[in-house]
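Reading through the structure tokens given below for one structure.
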There are 2 protein chains.
Amino acid sequence: MSGWTNIDGGATAARGYRAAGVHAGIKKSAPDLALLVSDRDAGVAGVFTRNRVQGATVRLCRERLHRGRARAVVINSGNANACTGPRGDADARRMAALAAELLAVEEESVFVCSTGTIGVPLPMPAVESGIRTAVETLAPAGGADAARAIMTTDTVAKQVAVEIEAGGGTVRIGGMAKGAGMIEPDMATMLAFLTTDAAVAPTALQESLATAVGKSFNRISVDGDQSCNDTVLMLANGASETAALDAQHPDWPLFLDAVEHVARELAHAIVRDGEGATKFVTLTVRGAASTADARQAARAVANSLLVKTAWYGEDPNWGRIIDAVGYSGAELRQDAIDIADDNLAIVRGGCAVPGYDPAPFRAILARDAFTVTVDLHAGTAADTVYTCDCSVDYVKINSEYTT
Amino acid sequence: MSGWTNIDGGATAARGYRAAGVHAGIKKSAPDLALLVSDRDAGVAGVFTRNRVQGATVRLCRERLHRGRARAVVINSGNANACTGPRGDADARRMAALAAELLAVEEESVFVCSTGTIGVPLPMPAVESGIRTAVETLAPAGGADAARAIMTTDTVAKQVAVEIEAGGGTVRIGGMAKGAGMIEPDMATMLAFLTTDAAVAPTALQESLATAVGKSFNRISVDGDQSCNDTVLMLANGASETAALDAQHPDWPLFLDAVEHVARELAHAIVRDGEGATKFVTLTVRGAASTADARQAARAVANSLLVKTAWYGEDPNWGRIIDAVGYSGAELRQDAIDIADDNLAIVRGGCAVPGYDPAPFRAILARDAFTVTVDLHAGTAADTVYTCDCSVDYVKINSEYTT
């Protein structure tokens, strides 16, 4: 039994937040600039890409995270402000400075995120006028607009919110995310913003976010690429006026659970909306000799183009799965491997099950969502990755669109 | 100046070899069984997949390689005889035994290779009748038929042959290969068979083959997958009646060079015929802190779906390249990275070159073949990978075909 209740909304479902999403002119016509504001000083936590090539805004966020406090986040889509040199750094700072000035908050409390094309300087006049419009249109119901404005090749806006009873009152946790391509465990061209009106100190907030990201955004894979801009930020502003939460509070596990749920729902929404994706696959490798082995094997399968195209073709081609497990580097004996689709055994001891009939497996793969479980029988470690198929549309999208 | 001359033919261009390619009935109508025979005892060398899941024939070849001598190789396409349990091992042995009996040679001197669908037992009555027909149709000009019979999703047969003056006479080296999908450095769903009429002892032959494979088949990438059946075998039967060659012979470098040329030409032919490939890309990472770093970075770029689809779209999207380099794990400073397409600088110091104009780069990417060079300026190590784009047809082929 879960302790949370789903509620409407996303990043502004929690009290004390306002947001806006506007068309600044970075993209031709779609919304491309979002602003998320906490009406009071909020604790802030962040998790960033491990890519060694990082966008200017990632550097800025990392730097400001040390203070532990935030008032606003400016986000633009259509341009990643990455590989743009010193000018990129100056542009990111300028975005924060302008928002701070207009909102009358400290410059250091404004965070900035960018997603989109790499290597092109931001059209700053457009960005600046977008920030002005966003400040003017900030609203407590602006979460949906903001969720739309951070999209790149996403086809649907991604918002989630829940409510829990914690700290002697009602606490809300919500969020928005964008994803689509370049998605891989360890994050990708994805941005996610979580907000809560709970009162949580930055250190505890960081701990809860890191745990949630480890079980959500770091467990998804669309194409195996990792972008230079991936960022997850979480703000906690205490506007619920409930007791401060931390590891010592009895409601802490409930809070952690709710944060994890919001993060996981957003992460799954990213996979479901993966570029060209037609299938949502929950892939588990168990019986591995170590967690690292389980993770490596799960990633090899999830990132195998041959596996992903077979899923797209609704072809129960377990040979491609066992092949990927074989080259993953995980310790294994091939004649010990079992594989099941939606818990129906397809491979036992490294061979097709006796009297193998592909028909029921074709029916499973025809579903929108299914599970694939690989048991290595080499130990007790397990790992799960959420992934999707690779379709003709994926290639079309990525050969025609410049990220 | 090279010491070799290209000649017609492939696996039977060297003297003392005969081959056949027939339709056994594993596939519906295309040729699916090849036989390559040396008329005298030949030294043999082999290089095999590092996948921990291996086909029955790979196990058999490894076992027989220790003897160092071969008379024949039976190869079937359409079925990989992998993940087929003890029956698969028995079937592989039966194929060798039957060929040995019909050819009146030692059973242990017959090698077997299979490529195609994983996990389905071989239709042995068809295979056996195919072997009989192949033995009956063996011919010195049968190399082309054999090259056709080993194809799976390949669209063209791949043969190469050269002649050199070595050991006091004319020596020929030829070969055939099949590839198409599942191609990655460290080999893949690929088989290659090289033959020479030079007299080379097995140890020296193994050394020359390993070196050549390291510079050819281990330097290509189509989709990042590695199959469980990849095998390269080389036979040297001495039918040229020239002096035995080894590392002490003055003509040894010339021989090595020719073997490497044959292997490289076959490897490049595999990439050119990569599933759905429309571009041949020579990708070099230089200025790396170590050879491992250069290799890792080159692989990350070559295997990035986003990079490959951008190439397909003829989009000079250097952002995806620098992004892949960034997550490769190679040591780097992002503001030191240079990138060039066909030697024209597109990125300098981690940013687009001043006054960047995509037009000339679009023209380069519109070519059938081009080079991409990444300089990390972090050291002196370099690595080159030969790869291709990822097209809509790749996905179509792999979602409709069961490997």
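Just remember, in the structure tokens the first chain shown is A, the second B, etc., residues are 1-based per chain, and ligands are 1-based in the order shown.
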When the cut-off is 6 Å and we count only C-alpha atoms, which residues of chain A are near chain B, given as a PyMOL selection string?
chain A and resi 51-53+83-84+118+309-310+313+319+326-327+334+350-351+392+395+398-400
Quick one: write out the picked residues with C-alpha atoms as a PDB file, in the first residue's frame?
```pdb
ATOM      1  CA  ASN A  51      29.209  13.473 -19.455  1.00  0.00           C
ATOM      2  CA  ARG A  52      32.643  15.133 -19.493  1.00  0.00           C
ATOM      3  CA  VAL A  53      31.325  17.583 -22.062  1.00  0.00           C
ATOM      4  CA  CYS A  83      29.973  23.916 -26.578  1.00  0.00           C
ATOM      5  CA  THR A  84      29.462  27.644 -26.861  1.00  0.00           C
ATOM      6  CA  ILE A 118      24.497  21.834 -29.218  1.00  0.00           C
ATOM      7  CA  THR A 309      14.489  -3.379 -33.648  1.00  0.00           C
ATOM      8  CA  ALA A 310      13.266  -6.947 -32.973  1.00  0.00           C
ATOM      9  CA  GLY A 313       9.031  -5.911 -35.252  1.00  0.00           C
ATOM     10  CA  GLY A 319      18.823 -14.960 -29.749  1.00  0.00           C
ATOM     11  CA  GLY A 326      27.019 -12.629 -23.885  1.00  0.00           C
ATOM     12  CA  TYR A 327      29.025  -9.590 -24.943  1.00  0.00           C
ATOM     13  CA  GLN A 334      25.608 -19.775 -21.404  1.00  0.00           C
ATOM     14  CA  GLY A 350      20.557 -21.298 -22.800  1.00  0.00           C
ATOM     15  CA  CYS A 351      18.227 -22.985 -25.320  1.00  0.00           C
ATOM     16  CA  VAL A 392      11.761   3.444 -38.287  1.00  0.00           C
ATOM     17  CA  VAL A 395      15.762   7.091 -37.386  1.00  0.00           C
ATOM     18  CA  ASN A 398      17.023  11.797 -35.694  1.00  0.00           C
ATOM     19  CA  SER A 399      18.157  12.138 -39.262  1.00  0.00           C
ATOM     20  CA  GLU A 400      15.865  15.082 -39.876  1.00  0.00           C
TER      21      GLU A 400
END
```
Shell of 9 Å around A:Phe255, only C-alpha atoms, local chain residues under 4 positions omitted, as number ranges by chain
A: 3-4, 164-166, 171, 173, 198, 208, 245, 251, 259-260
Report as a ChimeraX atom specification all protein, DNA and RNA residues lying within 10 Å of A:Gly25, evaluated on only C-alpha atoms, omitting residues in the same chain fewer than 5 positions from it.
/A:30-33,78,123-127,129-130
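Of the residues listed (A:Ala146, A:Ala210, A:Val44, A:Leu266), A:Ala146 shows the shortest atom-to-atom separation from A:Val22; distances use only C-alpha atoms.
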Between atom CA of B:Ser114 and atom CA of B:Gly68, what is the spacing in Å?
20.5 Å
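Here the question is which of B:Lys158, B:His249, B:Arg93, B:Lys27 gets nearest to B:Val262 using only C-alpha atoms, and that residue is B:Lys158.
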Write down as an MDAnalysis selection string the residues of stretch 163-380 of chain B whose backbone DSSP state falls under strand (DSSP E).
chainID B and resid 163:166 169:178 191:196 220:221 231:236 280:288 338:341 344:348 351:352 369:375
Using Å and a single decimal, report how far atom CA of A:Ile131 sits from atom CA of A:Leu102.
8.8 Å
